[in-house]
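Colleague: Structure file entry37.cif (mmCIF, C-alpha atoms and all ligand atoms) is given on the next line.
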data_my_file
#
loop_
_atom_site.group_PDB
_atom_site.id
_atom_site.type_symbol
_atom_site.label_atom_id
_atom_site.label_comp_id
_atom_site.auth_asym_id
_atom_site.auth_seq_id
_atom_site.Cartn_x
_atom_site.Cartn_y
_atom_site.Cartn_z
ATOM 1 C CA MET A 1 91.363 -142.242 -7.180
ATOM 2 C CA SER A 2 89.891 -141.117 -3.888
ATOM 3 C CA ILE A 3 91.201 -143.791 -1.585
ATOM 4 C CA THR A 4 94.240 -142.816 0.475
ATOM 5 C CA SER A 5 95.214 -146.426 0.941
ATOM 6 C CA SER A 6 98.432 -146.084 2.909
ATOM 7 C CA VAL A 7 96.564 -144.997 6.058
ATOM 8 C CA LYS A 8 95.585 -147.862 8.398
ATOM 9 C CA ARG A 9 91.965 -147.142 9.252
ATOM 10 C CA SER A 10 89.858 -148.184 12.183
ATOM 11 C CA PRO A 11 86.871 -150.524 11.618
ATOM 12 C CA ILE A 12 84.446 -147.756 12.569
ATOM 13 C CA VAL A 13 82.193 -146.261 9.914
ATOM 14 C CA VAL A 14 80.317 -143.206 11.187
ATOM 15 C CA ALA A 15 76.818 -142.770 9.731
ATOM 16 C CA LEU A 16 76.540 -139.108 8.751
ATOM 17 C CA ASP A 17 72.778 -138.871 9.071
ATOM 18 C CA PHE A 18 72.677 -135.073 8.860
ATOM 19 C CA THR A 19 70.397 -132.728 6.938
ATOM 20 C CA SER A 20 73.075 -130.611 5.241
ATOM 21 C CA ALA A 21 76.578 -130.705 3.775
ATOM 22 C CA GLU A 22 77.605 -128.028 6.287
ATOM 23 C CA GLN A 23 76.738 -130.237 9.266
ATOM 24 C CA ALA A 24 78.461 -133.254 7.716
ATOM 25 C CA LEU A 25 81.629 -131.304 6.907
ATOM 26 C CA ALA A 26 81.727 -129.707 10.361
ATOM 27 C CA PHE A 27 81.660 -133.224 11.828
ATOM 28 C CA ALA A 28 84.307 -134.465 9.381
ATOM 29 C CA ASP A 29 86.597 -131.529 10.123
ATOM 30 C CA ASP A 30 86.567 -132.505 13.800
ATOM 31 C CA ILE A 31 87.867 -136.047 13.303
ATOM 32 C CA ASP A 32 90.933 -137.789 11.882
ATOM 33 C CA PRO A 33 90.368 -139.954 8.755
ATOM 34 C CA SER A 34 92.492 -142.714 10.321
ATOM 35 C CA LYS A 35 89.914 -143.018 13.138
ATOM 36 C CA ALA A 36 86.845 -143.688 10.995
ATOM 37 C CA ARG A 37 85.378 -144.045 7.550
ATOM 38 C CA LEU A 38 82.187 -142.119 6.830
ATOM 39 C CA LYS A 39 78.812 -143.336 5.622
ATOM 40 C CA VAL A 40 76.586 -141.176 3.442
ATOM 41 C CA GLY A 41 73.043 -142.510 3.402
ATOM 42 C CA LYS A 42 69.728 -141.661 1.818
ATOM 43 C CA GLU A 43 68.964 -138.596 3.932
ATOM 44 C CA LEU A 44 72.277 -136.775 3.531
ATOM 45 C CA PHE A 45 72.751 -137.789 -0.113
ATOM 46 C CA THR A 46 69.278 -136.476 -0.953
ATOM 47 C CA TYR A 47 70.127 -133.145 0.683
ATOM 48 C CA ALA A 48 73.734 -132.761 -0.401
ATOM 49 C CA GLY A 49 74.405 -135.064 -3.390
ATOM 50 C CA PRO A 50 77.671 -136.225 -4.964
ATOM 51 C CA ASN A 51 79.542 -132.978 -4.300
ATOM 52 C CA LEU A 52 79.486 -133.722 -0.598
ATOM 53 C CA VAL A 53 81.053 -137.132 -1.279
ATOM 54 C CA ARG A 54 83.797 -135.383 -3.280
ATOM 55 C CA GLU A 55 84.393 -132.948 -0.401
ATOM 56 C CA LEU A 56 84.785 -135.857 2.033
ATOM 57 C CA HIS A 57 87.234 -137.557 -0.339
ATOM 58 C CA GLN A 58 89.252 -134.343 -0.572
ATOM 59 C CA ARG A 59 89.537 -134.403 3.218
ATOM 60 C CA GLY A 60 91.030 -137.908 3.061
ATOM 61 C CA PHE A 61 87.973 -139.947 4.106
ATOM 62 C CA GLU A 62 86.850 -143.218 2.576
ATOM 63 C CA VAL A 63 83.100 -143.140 1.979
ATOM 64 C CA PHE A 64 80.482 -145.871 2.182
ATOM 65 C CA LEU A 65 77.597 -144.773 -0.054
ATOM 66 C CA ASP A 66 74.693 -146.491 1.700
ATOM 67 C CA LEU A 67 71.890 -146.044 -0.835
ATOM 68 C CA LYS A 68 70.735 -149.691 -0.686
ATOM 69 C CA PHE A 69 69.806 -149.924 -4.356
ATOM 70 C CA HIS A 70 66.891 -152.245 -5.190
ATOM 71 C CA ASP A 71 65.709 -152.137 -8.806
ATOM 72 C CA ILE A 72 65.698 -154.015 -12.096
ATOM 73 C CA PRO A 73 69.149 -155.432 -12.933
ATOM 74 C CA ASN A 74 70.171 -152.799 -15.506
ATOM 75 C CA THR A 75 69.165 -149.855 -13.305
ATOM 76 C CA ALA A 76 70.810 -151.250 -10.181
ATOM 77 C CA ALA A 77 74.029 -152.084 -12.071
ATOM 78 C CA SER A 78 74.152 -148.589 -13.593
ATOM 79 C CA ALA A 79 73.582 -146.960 -10.193
ATOM 80 C CA VAL A 80 76.387 -149.029 -8.647
ATOM 81 C CA ALA A 81 78.704 -148.037 -11.513
ATOM 82 C CA ALA A 82 77.797 -144.368 -10.954
ATOM 83 C CA ALA A 83 78.797 -144.747 -7.300
ATOM 84 C CA ALA A 84 82.068 -146.402 -8.322
ATOM 85 C CA ASP A 85 82.736 -143.557 -10.795
ATOM 86 C CA LEU A 86 82.378 -141.220 -7.823
ATOM 87 C CA GLY A 87 85.240 -143.152 -6.205
ATOM 88 C CA VAL A 88 83.432 -144.431 -3.126
ATOM 89 C CA TRP A 89 85.041 -147.115 -0.991
ATOM 90 C CA MET A 90 81.829 -149.151 -0.660
ATOM 91 C CA VAL A 91 78.311 -149.165 -2.126
ATOM 92 C CA ASN A 92 75.403 -151.497 -1.465
ATOM 93 C CA LEU A 93 72.239 -153.135 -2.735
ATOM 94 C CA HIS A 94 69.339 -154.938 -1.076
ATOM 95 C CA ALA A 95 70.005 -158.681 -1.403
ATOM 96 C CA SER A 96 66.231 -159.198 -1.715
ATOM 97 C CA GLY A 97 66.551 -157.654 -5.201
ATOM 98 C CA GLY A 98 67.648 -161.143 -6.168
ATOM 99 C CA ARG A 99 70.253 -163.053 -8.116
ATOM 100 C CA ARG A 100 69.962 -161.308 -11.494
ATOM 101 C CA MET A 101 70.131 -157.828 -9.952
ATOM 102 C CA MET A 102 73.149 -158.637 -7.752
ATOM 103 C CA THR A 103 75.003 -160.477 -10.531
ATOM 104 C CA ALA A 104 74.470 -157.612 -12.978
ATOM 105 C CA ALA A 105 75.853 -155.108 -10.457
ATOM 106 C CA SER A 106 78.816 -157.286 -9.516
ATOM 107 C CA GLU A 107 79.681 -157.956 -13.172
ATOM 108 C CA ARG A 108 79.421 -154.243 -14.027
ATOM 109 C CA LEU A 109 81.986 -153.387 -11.350
ATOM 110 C CA ALA A 110 84.293 -156.227 -12.413
ATOM 111 C CA LYS A 111 84.090 -155.146 -16.065
ATOM 112 C CA GLY A 112 84.973 -151.565 -15.126
ATOM 113 C CA ASN A 113 87.910 -152.731 -12.989
ATOM 114 C CA TYR A 114 86.660 -150.691 -10.054
ATOM 115 C CA SER A 115 88.094 -151.163 -6.571
ATOM 116 C CA THR A 116 84.783 -150.164 -4.911
ATOM 117 C CA LEU A 117 83.483 -152.849 -2.549
ATOM 118 C CA LEU A 118 79.942 -154.102 -3.242
ATOM 119 C CA THR A 119 77.865 -155.391 -0.340
ATOM 120 C CA ALA A 120 74.216 -156.388 0.062
ATOM 121 C CA VAL A 121 71.809 -155.709 2.907
ATOM 122 C CA THR A 122 70.352 -158.937 4.281
ATOM 123 C CA VAL A 123 67.825 -158.151 7.054
ATOM 124 C CA LEU A 124 67.726 -154.584 8.390
ATOM 125 C CA THR A 125 68.993 -154.317 11.976
ATOM 126 C CA SER A 126 65.731 -152.582 12.913
ATOM 127 C CA MET A 127 63.762 -155.763 12.154
ATOM 128 C CA GLU A 128 62.809 -158.751 14.294
ATOM 129 C CA ALA A 129 60.775 -161.881 13.552
ATOM 130 C CA PRO A 130 57.325 -160.185 13.798
ATOM 131 C CA ASP A 131 58.433 -157.461 11.345
ATOM 132 C CA LEU A 132 59.528 -160.130 8.869
ATOM 133 C CA LEU A 133 56.241 -161.993 9.277
ATOM 134 C CA GLU A 134 54.305 -158.847 8.334
ATOM 135 C CA VAL A 135 56.127 -158.712 5.000
ATOM 136 C CA GLY A 136 55.531 -162.388 4.307
ATOM 137 C CA ILE A 137 58.810 -163.852 5.577
ATOM 138 C CA THR A 138 58.135 -166.723 7.953
ATOM 139 C CA GLN A 139 61.795 -167.582 8.631
ATOM 140 C CA SER A 140 63.674 -166.250 11.649
ATOM 141 C CA PRO A 141 65.924 -163.219 11.015
ATOM 142 C CA GLU A 142 68.932 -165.536 11.360
ATOM 143 C CA SER A 143 67.688 -168.010 8.723
ATOM 144 C CA GLN A 144 66.760 -165.193 6.369
ATOM 145 C CA VAL A 145 70.211 -163.608 6.800
ATOM 146 C CA ILE A 146 71.884 -166.951 5.965
ATOM 147 C CA ALA A 147 69.735 -167.430 2.858
ATOM 148 C CA LEU A 148 70.448 -163.912 1.570
ATOM 149 C CA ALA A 149 74.151 -164.086 2.468
ATOM 150 C CA ASP A 150 74.469 -167.391 0.531
ATOM 151 C CA LEU A 151 72.840 -165.725 -2.478
ATOM 152 C CA THR A 152 75.064 -162.648 -2.131
ATOM 153 C CA SER A 153 78.200 -164.752 -1.996
ATOM 154 C CA ASN A 154 77.063 -166.813 -5.009
ATOM 155 C CA CYS A 155 76.563 -163.599 -6.989
ATOM 156 C CA GLY A 156 80.191 -162.581 -6.438
ATOM 157 C CA LEU A 157 79.707 -159.634 -4.083
ATOM 158 C CA ASP A 158 82.292 -158.744 -1.445
ATOM 159 C CA GLY A 159 80.053 -159.234 1.570
ATOM 160 C CA VAL A 160 76.871 -158.327 3.397
ATOM 161 C CA VAL A 161 75.302 -155.846 5.751
ATOM 162 C CA CYS A 162 73.853 -157.773 8.701
ATOM 163 C CA SER A 163 73.567 -157.426 12.454
ATOM 164 C CA ALA A 164 76.474 -158.407 14.692
ATOM 165 C CA HIS A 165 74.205 -161.178 16.031
ATOM 166 C CA GLU A 166 74.771 -163.063 12.778
ATOM 167 C CA ALA A 167 78.476 -162.183 12.428
ATOM 168 C CA SER A 168 80.088 -165.222 14.049
ATOM 169 C CA MET A 169 77.874 -167.609 12.097
ATOM 170 C CA LEU A 170 78.618 -165.844 8.780
ATOM 171 C CA ARG A 171 82.342 -165.586 9.538
ATOM 172 C CA ALA A 172 82.470 -169.361 10.074
ATOM 173 C CA ARG A 173 80.440 -169.977 6.921
ATOM 174 C CA PHE A 174 82.268 -167.672 4.474
ATOM 175 C CA GLY A 175 85.779 -167.265 5.900
ATOM 176 C CA LYS A 176 87.967 -164.319 6.741
ATOM 177 C CA ASP A 177 87.729 -162.353 3.471
ATOM 178 C CA PHE A 178 83.935 -162.015 3.345
ATOM 179 C CA VAL A 179 83.065 -158.460 4.400
ATOM 180 C CA LEU A 180 80.616 -158.205 7.315
ATOM 181 C CA VAL A 181 79.289 -154.676 7.786
ATOM 182 C CA THR A 182 77.307 -154.400 11.000
ATOM 183 C CA PRO A 183 75.058 -151.447 11.908
ATOM 184 C CA GLY A 184 72.932 -151.627 15.066
ATOM 185 C CA ILE A 185 75.965 -150.928 17.245
ATOM 186 C CA ARG A 186 75.253 -149.461 20.653
ATOM 187 C CA PRO A 187 77.667 -148.681 23.507
ATOM 188 C CA ALA A 188 76.334 -150.308 26.692
ATOM 189 C CA ASP A 189 74.993 -147.015 28.110
ATOM 190 C CA HIS A 190 73.221 -145.865 24.939
ATOM 191 C CA PRO A 191 69.518 -146.428 24.125
ATOM 192 C CA SER A 192 68.710 -148.753 21.230
ATOM 193 C CA ASP A 193 66.534 -146.119 19.483
ATOM 194 C CA ASP A 194 64.772 -147.784 16.527
ATOM 195 C CA GLN A 195 67.419 -150.528 16.283
ATOM 196 C CA ARG A 196 66.474 -154.055 17.433
ATOM 197 C CA ARG A 197 69.323 -156.512 16.764
ATOM 198 C CA ILE A 198 72.072 -154.605 18.586
ATOM 199 C CA MET A 199 75.519 -155.284 20.094
ATOM 200 C CA THR A 200 78.231 -153.215 21.735
ATOM 201 C CA PRO A 201 81.292 -152.282 19.629
ATOM 202 C CA ALA A 202 83.598 -154.718 21.462
ATOM 203 C CA GLN A 203 81.076 -157.585 21.262
ATOM 204 C CA ALA A 204 80.563 -156.962 17.546
ATOM 205 C CA MET A 205 84.295 -157.061 16.798
ATOM 206 C CA ALA A 206 84.682 -160.227 18.894
ATOM 207 C CA ALA A 207 81.832 -161.790 16.890
ATOM 208 C CA GLY A 208 83.740 -161.263 13.634
ATOM 209 C CA SER A 209 82.424 -157.984 12.208
ATOM 210 C CA SER A 210 84.680 -156.349 9.624
ATOM 211 C CA TYR A 211 83.199 -152.873 10.003
ATOM 212 C CA LEU A 212 80.972 -151.284 12.635
ATOM 213 C CA VAL A 213 78.463 -148.698 11.397
ATOM 214 C CA ILE A 214 77.708 -146.241 14.184
ATOM 215 C CA GLY A 215 75.563 -143.130 13.859
ATOM 216 C CA ARG A 216 73.648 -141.463 16.667
ATOM 217 C CA PRO A 217 75.843 -142.673 19.564
ATOM 218 C CA ILE A 218 78.601 -140.557 17.979
ATOM 219 C CA THR A 219 76.899 -137.848 15.913
ATOM 220 C CA GLN A 220 74.302 -136.937 18.567
ATOM 221 C CA ALA A 221 76.802 -136.968 21.451
ATOM 222 C CA LYS A 222 77.602 -133.683 23.199
ATOM 223 C CA MET A 223 81.210 -134.105 22.040
ATOM 224 C CA PRO A 224 81.169 -136.330 18.927
ATOM 225 C CA SER A 225 84.960 -136.641 18.593
ATOM 226 C CA ALA A 226 85.206 -137.703 22.267
ATOM 227 C CA ALA A 227 82.436 -140.274 21.738
ATOM 228 C CA LEU A 228 84.352 -141.664 18.747
ATOM 229 C CA ALA A 229 87.604 -141.732 20.753
ATOM 230 C CA ALA A 230 85.871 -143.626 23.594
ATOM 231 C CA ILE A 231 84.591 -146.276 21.181
ATOM 232 C CA CYS A 232 88.044 -146.584 19.551
ATOM 233 C CA ALA A 233 89.532 -147.063 23.034
ATOM 234 C CA GLU A 234 86.997 -149.837 23.754
ATOM 235 C CA LEU A 235 88.301 -151.710 20.708
ATOM 236 C CA ILE A 236 92.016 -151.693 21.609
HETATM 237 O O1 LIG A 301 70.447 -152.934 8.503
HETATM 238 C C1 LIG A 301 70.806 -151.744 8.509
HETATM 239 C C2 LIG A 301 71.333 -151.122 7.388
HETATM 240 C C3 LIG A 301 71.723 -149.815 7.473
HETATM 241 N N1 LIG A 301 71.607 -149.110 8.609
HETATM 242 C C4 LIG A 301 72.079 -147.709 8.623
HETATM 243 O O2 LIG A 301 73.132 -147.592 9.605
HETATM 244 C C5 LIG A 301 72.988 -146.381 10.324
HETATM 245 C C6 LIG A 301 72.814 -146.684 11.782
HETATM 246 O O3 LIG A 301 72.666 -145.493 12.510
HETATM 247 P P1 LIG A 301 72.471 -145.462 14.116
HETATM 248 O O4 LIG A 301 72.209 -144.017 14.392
HETATM 249 O O5 LIG A 301 73.738 -145.982 14.708
HETATM 250 O O6 LIG A 301 71.290 -146.317 14.440
HETATM 251 C C7 LIG A 301 71.821 -145.615 9.710
HETATM 252 O O7 LIG A 301 72.347 -144.703 8.769
HETATM 253 C C8 LIG A 301 71.021 -146.682 8.985
HETATM 254 O O8 LIG A 301 70.415 -146.192 7.810
HETATM 255 C C9 LIG A 301 71.086 -149.713 9.710
HETATM 256 O O9 LIG A 301 70.956 -149.100 10.794
HETATM 257 N N2 LIG A 301 70.713 -151.024 9.641
#
As structure tokens, how would this structure be written, given the file I've shared?
Ligand SMILES: O=c1ccn([C@@H]2O[C@H](COP(=O)(O)O)[C@@H](O)[C@H]2O)c(=O)[nH]1
Modeller:
Amino acid sequence: MSITSSVKRSPIVVALDFTSAEQALAFADDIDPSKARLKVGKELFTYAGPNLVRELHQRGFEVFLDLKFHDIPNTAASAVAAAADLGVWMVNLHASGGRRMMTAASERLAKGNYSTLLTAVTVLTSMEAPDLLEVGITQSPESQVIALADLTSNCGLDGVVCSAHEASMLRARFGKDFVLVTPGIRPADHPSDDQRRIMTPAQAMAAGSSYLVIGRPITQAKMPSAALAAICAELI
């Protein structure tokens, strides 16, 4: 069991988009696990693998394994179970993988009695209406998020990854227990980079986000732990 549950954690999840375990662990060693959870995504996991996740657990961090699985139902369910066996706090799928994929994954976790949270990505925070149109989706990002969040909820998952722009609408629709994970968070003085549907940390919390995923504004700062502390202070 990796989760040190007695510690009250902040809603911040720092995206460890680094190219090595050494960089990720140096960052982790500079911060307190009560101040943030950590997200391991495709880049870092491809470089450093499951051992890095174990190292972060040993240091007392809860880990969101953000691999956004999207595959046939059996493969996606098996991948989610592998993540749960690793003891991660949260793992995710792409909701566009559809009902049978999401149900298979959700049922696999329930059958194994895992405590790992399962969420589904709705519309990436880097996308706007013209991006959706180019991949054949004529709905607005907001309508597409609602459709995929309805499907996710029907399939028994714990919540969705969306932008904070959709958070208040989804909070009203699904209630207080539905998990809303919102990347695309930018302090007011930080550039948006490749993100498009962005909000500040305080705005996102006020809109009903459960967890704020924040990467570059913290990890690329001159003093990452100070950048994290400033964002925590904004949320008090
Ligand atoms: O819709 C999504 C889903 C996932 N992400 C991930 O969150 C972080 C954001 O990093 P920043 O540096 O704060 O932009 C990154 O790891 C993405 O893969 C997302 O941004 N949007």
Colleague: Could you give me, as a tab-separated table, every chain A residue with an atom at most 9 Å from ligand LIG 301 (chain A), plus its closest atom pair and distance in Å to one decimal, counting only C-alpha atoms and all ligand atoms, rows ordered by chain then number?
Modeller:
residue	atom	partner	partner_atom	distance
A:Val14	CA	A:LIG301	O5	8.0
A:Ala15	CA	A:LIG301	O7	5.0
A:Leu16	CA	A:LIG301	O7	7.0
A:Asp17	CA	A:LIG301	O7	5.9
A:Lys39	CA	A:LIG301	O7	7.3
A:Val40	CA	A:LIG301	O7	7.7
A:Gly41	CA	A:LIG301	O7	5.8
A:Lys42	CA	A:LIG301	O8	7.5
A:Glu43	CA	A:LIG301	O7	8.5
A:Asp66	CA	A:LIG301	C3	7.3
A:Leu67	CA	A:LIG301	O8	8.8
A:Lys68	CA	A:LIG301	C3	8.2
A:Val121	CA	A:LIG301	O1	6.4
A:Thr122	CA	A:LIG301	O1	7.3
A:Val123	CA	A:LIG301	O1	6.0
A:Leu124	CA	A:LIG301	O1	3.2
A:Thr125	CA	A:LIG301	O1	4.0
A:Ser126	CA	A:LIG301	N2	6.2
A:Met127	CA	A:LIG301	O1	8.1
A:Val161	CA	A:LIG301	O1	6.3
A:Cys162	CA	A:LIG301	O1	5.9
A:Ser163	CA	A:LIG301	O1	6.7
A:Val181	CA	A:LIG301	C2	8.7
A:Thr182	CA	A:LIG301	O1	7.4
A:Pro183	CA	A:LIG301	O9	4.9
A:Gly184	CA	A:LIG301	O9	5.3
A:Ile185	CA	A:LIG301	O5	6.0
A:Arg186	CA	A:LIG301	O5	7.1
A:Ser192	CA	A:LIG301	O6	7.7
A:Asp193	CA	A:LIG301	O6	6.9
A:Asp194	CA	A:LIG301	O6	7.0
A:Gln195	CA	A:LIG301	O6	6.0
A:Val213	CA	A:LIG301	O2	5.7
A:Ile214	CA	A:LIG301	O5	4.0
A:Gly215	CA	A:LIG301	O5	3.5
A:Arg216	CA	A:LIG301	O4	3.7
A:Pro217	CA	A:LIG301	O5	6.2
A:Ile218	CA	A:LIG301	O5	8.0
A:Thr219	CA	A:LIG301	O4	7.9
A:Gln220	CA	A:LIG301	O4	8.5
Colleague: Rounded to one decimal place, report the CA of Glu166 in chain A-CA of Ala104 in chain A distance in Å.
Modeller: 26.3 Å
Colleague: With distances taken over all atoms listed in the file, which of A:Ala48, A:Ala233, A:Leu56, A:Val145 is nearest to Ala129 in chain A?
Modeller: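 The closest residue to Ala129 in chain A is A:Val145.
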Colleague: List as number ranges by chain: which residues have an atom within 9 Å of (81.1, -153.1, 23.2), counting all atoms listed in the file?
Modeller: A: 185-188, 199-205, 231, 234-235
Colleague: In Å, rounded to a single decimal, give me how far CA of Ser20 in chain A is from CA of Ala229 in chain A.
Modeller: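 The value is 24.0 Å.
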Colleague: Which of these, A:Asp29, A:Asp189, A:Glu128, A:Asp177, has the shortest distance to His165 in chain A once you count all atoms listed in the file?
Modeller: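 Answer, going by the shortest atom-to-atom distance: A:Glu128.
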Colleague: Report, in Å with one decimal, the straight-line distance from CA of Ser34 in chain A to CA of Ala227 in chain A.
Modeller: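 Pair CA of Ser34 in chain A / CA of Ala227 in chain A returns 15.4 Å.
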Colleague: Tell me which of A:Ile12, A:Pro141, A:His70, A:Ser78 sits closest to Leu109 in chain A, counting all atoms listed in the file.
Modeller: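 Looking at the shortest contact to Leu109 in chain A, the residue is A:Ser78.
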Colleague: Which residue gives the smallest distance to Glu62 in chain A among A:Met101, A:Leu93, A:Ala81, A:Ala28, with all atoms listed in the file counted?
Modeller: A:Ala28
Colleague: Running the PyMOL selection byres (((chain A and resi 103) around 9) and not hetatm) on this model by hand, what would come out? Give it as a PyMOL selection string.
Modeller: chain A and resi 73+77+98-102+104-108+152+154-157
Colleague: Write out as AutoDock Vina command-line options an axis-aligned box for range 194-213 of chain A: all of its atoms listed in the file, 5 Å added on each side, centre and edge lengths in Å with one decimal.
Modeller:
--center_x 74.7 --center_y -154.8 --center_z 15.7 --size_x 29.9 --size_y 24.0 --size_z 22.1
Colleague: Restricting the calculation to all atoms listed in the file, which member of A:Ile137, A:Val88, A:Leu148, A:Ala206 is positioned closest to Gln58 in chain A?
Modeller: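 Closest residue, counting all atoms listed in the file: A:Val88.
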Colleague: Taking into account only C-alpha atoms, which residue in the set A:Val80, A:Ala24, A:Ile236, A:Ala147 is nearest to Ser96 in chain A?
Modeller: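 Among A:Val80, A:Ala24, A:Ile236, A:Ala147, it is A:Ala147 that comes nearest to Ser96 in chain A.
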Colleague: Is it possible to get the residues within 7 Å of (84.5, -145.1, 10.5) (coordinates as in the file, counting only C-alpha atoms) written as a ChimeraX atom specification?
Modeller: /A:10-14,35-38
Colleague: What's around range 84-86 of chain A at 12 Å? Count all atoms listed in the file, leave out sequence neighbours fewer than 5 positions away in its own chain, and write the answer as an mmCIF file with C-alpha atoms, in the frame of the given file.
Modeller:
data_model
loop_
_atom_site.group_PDB
_atom_site.id
_atom_site.type_symbol
_atom_site.label_atom_id
_atom_site.label_comp_id
_atom_site.auth_asym_id
_atom_site.auth_seq_id
_atom_site.Cartn_x
_atom_site.Cartn_y
_atom_site.Cartn_z
ATOM 1 C CA MET A 1 91.363 -142.242 -7.180
ATOM 2 C CA SER A 2 89.891 -141.117 -3.888
ATOM 3 C CA ILE A 3 91.201 -143.791 -1.585
ATOM 4 C CA GLY A 49 74.405 -135.064 -3.390
ATOM 5 C CA PRO A 50 77.671 -136.225 -4.964
ATOM 6 C CA ASN A 51 79.542 -132.978 -4.300
ATOM 7 C CA LEU A 52 79.486 -133.722 -0.598
ATOM 8 C CA VAL A 53 81.053 -137.132 -1.279
ATOM 9 C CA ARG A 54 83.797 -135.383 -3.280
ATOM 10 C CA GLU A 55 84.393 -132.948 -0.401
ATOM 11 C CA LEU A 56 84.785 -135.857 2.033
ATOM 12 C CA HIS A 57 87.234 -137.557 -0.339
ATOM 13 C CA GLU A 62 86.850 -143.218 2.576
ATOM 14 C CA VAL A 63 83.100 -143.140 1.979
ATOM 15 C CA PHE A 64 80.482 -145.871 2.182
ATOM 16 C CA LEU A 65 77.597 -144.773 -0.054
ATOM 17 C CA ALA A 77 74.029 -152.084 -12.071
ATOM 18 C CA SER A 78 74.152 -148.589 -13.593
ATOM 19 C CA ALA A 79 73.582 -146.960 -10.193
ATOM 20 C CA VAL A 91 78.311 -149.165 -2.126
ATOM 21 C CA ASN A 92 75.403 -151.497 -1.465
ATOM 22 C CA ALA A 105 75.853 -155.108 -10.457
ATOM 23 C CA SER A 106 78.816 -157.286 -9.516
ATOM 24 C CA ARG A 108 79.421 -154.243 -14.027
ATOM 25 C CA LEU A 109 81.986 -153.387 -11.350
ATOM 26 C CA ALA A 110 84.293 -156.227 -12.413
ATOM 27 C CA LYS A 111 84.090 -155.146 -16.065
ATOM 28 C CA GLY A 112 84.973 -151.565 -15.126
ATOM 29 C CA ASN A 113 87.910 -152.731 -12.989
ATOM 30 C CA TYR A 114 86.660 -150.691 -10.054
ATOM 31 C CA SER A 115 88.094 -151.163 -6.571
ATOM 32 C CA THR A 116 84.783 -150.164 -4.911
ATOM 33 C CA LEU A 117 83.483 -152.849 -2.549
ATOM 34 C CA LEU A 118 79.942 -154.102 -3.242
#
Colleague: Start from the incomplete input, build N, CA and C atoms for range 26-38 of chain A, and deliver everything as a PDB file, keeping the file's coordinate frame.
Modeller:
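Okay, result-v4.pdb is ready:
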ATOM      1  N   ALA A  26      81.292-130.158   9.029  1.00  0.00           N
ATOM      2  CA  ALA A  26      81.727-129.707  10.361  1.00  0.00           C
ATOM      3  C   ALA A  26      82.112-130.921  11.204  1.00  0.00           C
ATOM      4  N   PHE A  27      81.313-131.997  11.106  1.00  0.00           N
ATOM      5  CA  PHE A  27      81.660-133.224  11.828  1.00  0.00           C
ATOM      6  C   PHE A  27      82.983-133.779  11.303  1.00  0.00           C
ATOM      7  N   ALA A  28      83.103-133.875   9.988  1.00  0.00           N
ATOM      8  CA  ALA A  28      84.307-134.465   9.381  1.00  0.00           C
ATOM      9  C   ALA A  28      85.561-133.678   9.765  1.00  0.00           C
ATOM     10  N   ASP A  29      85.426-132.365   9.823  1.00  0.00           N
ATOM     11  CA  ASP A  29      86.597-131.529  10.123  1.00  0.00           C
ATOM     12  C   ASP A  29      87.064-131.686  11.569  1.00  0.00           C
ATOM     13  N   ASP A  30      86.229-132.325  12.384  1.00  0.00           N
ATOM     14  CA  ASP A  30      86.567-132.505  13.800  1.00  0.00           C
ATOM     15  C   ASP A  30      87.218-133.866  14.077  1.00  0.00           C
ATOM     16  N   ILE A  31      87.288-134.714  13.048  1.00  0.00           N
ATOM     17  CA  ILE A  31      87.867-136.047  13.303  1.00  0.00           C
ATOM     18  C   ILE A  31      88.969-136.378  12.289  1.00  0.00           C
ATOM     19  N   ASP A  32      89.779-137.366  12.674  1.00  0.00           N
ATOM     20  CA  ASP A  32      90.933-137.789  11.882  1.00  0.00           C
ATOM     21  C   ASP A  32      90.499-138.959  10.973  1.00  0.00           C
ATOM     22  N   PRO A  33      90.780-138.872   9.663  1.00  0.00           N
ATOM     23  CA  PRO A  33      90.368-139.954   8.755  1.00  0.00           C
ATOM     24  C   PRO A  33      90.923-141.336   9.125  1.00  0.00           C
ATOM     25  N   SER A  34      91.995-141.387   9.927  1.00  0.00           N
ATOM     26  CA  SER A  34      92.492-142.714  10.321  1.00  0.00           C
ATOM     27  C   SER A  34      91.619-143.332  11.416  1.00  0.00           C
ATOM     28  N   LYS A  35      90.741-142.531  12.027  1.00  0.00           N
ATOM     29  CA  LYS A  35      89.914-143.018  13.138  1.00  0.00           C
ATOM     30  C   LYS A  35      88.559-143.566  12.688  1.00  0.00           C
ATOM     31  N   ALA A  36      88.152-143.209  11.464  1.00  0.00           N
ATOM     32  CA  ALA A  36      86.845-143.688  10.995  1.00  0.00           C
ATOM     33  C   ALA A  36      86.669-143.441   9.506  1.00  0.00           C
ATOM     34  N   ARG A  37      85.931-144.341   8.865  1.00  0.00           N
ATOM     35  CA  ARG A  37      85.378-144.045   7.550  1.00  0.00           C
ATOM     36  C   ARG A  37      84.029-143.357   7.770  1.00  0.00           C
ATOM     37  N   LEU A  38      83.459-142.832   6.694  1.00  0.00           N
ATOM     38  CA  LEU A  38      82.187-142.119   6.830  1.00  0.00           C
ATOM     39  C   LEU A  38      81.143-142.737   5.914  1.00  0.00           C
TER      40      LEU A  38
END
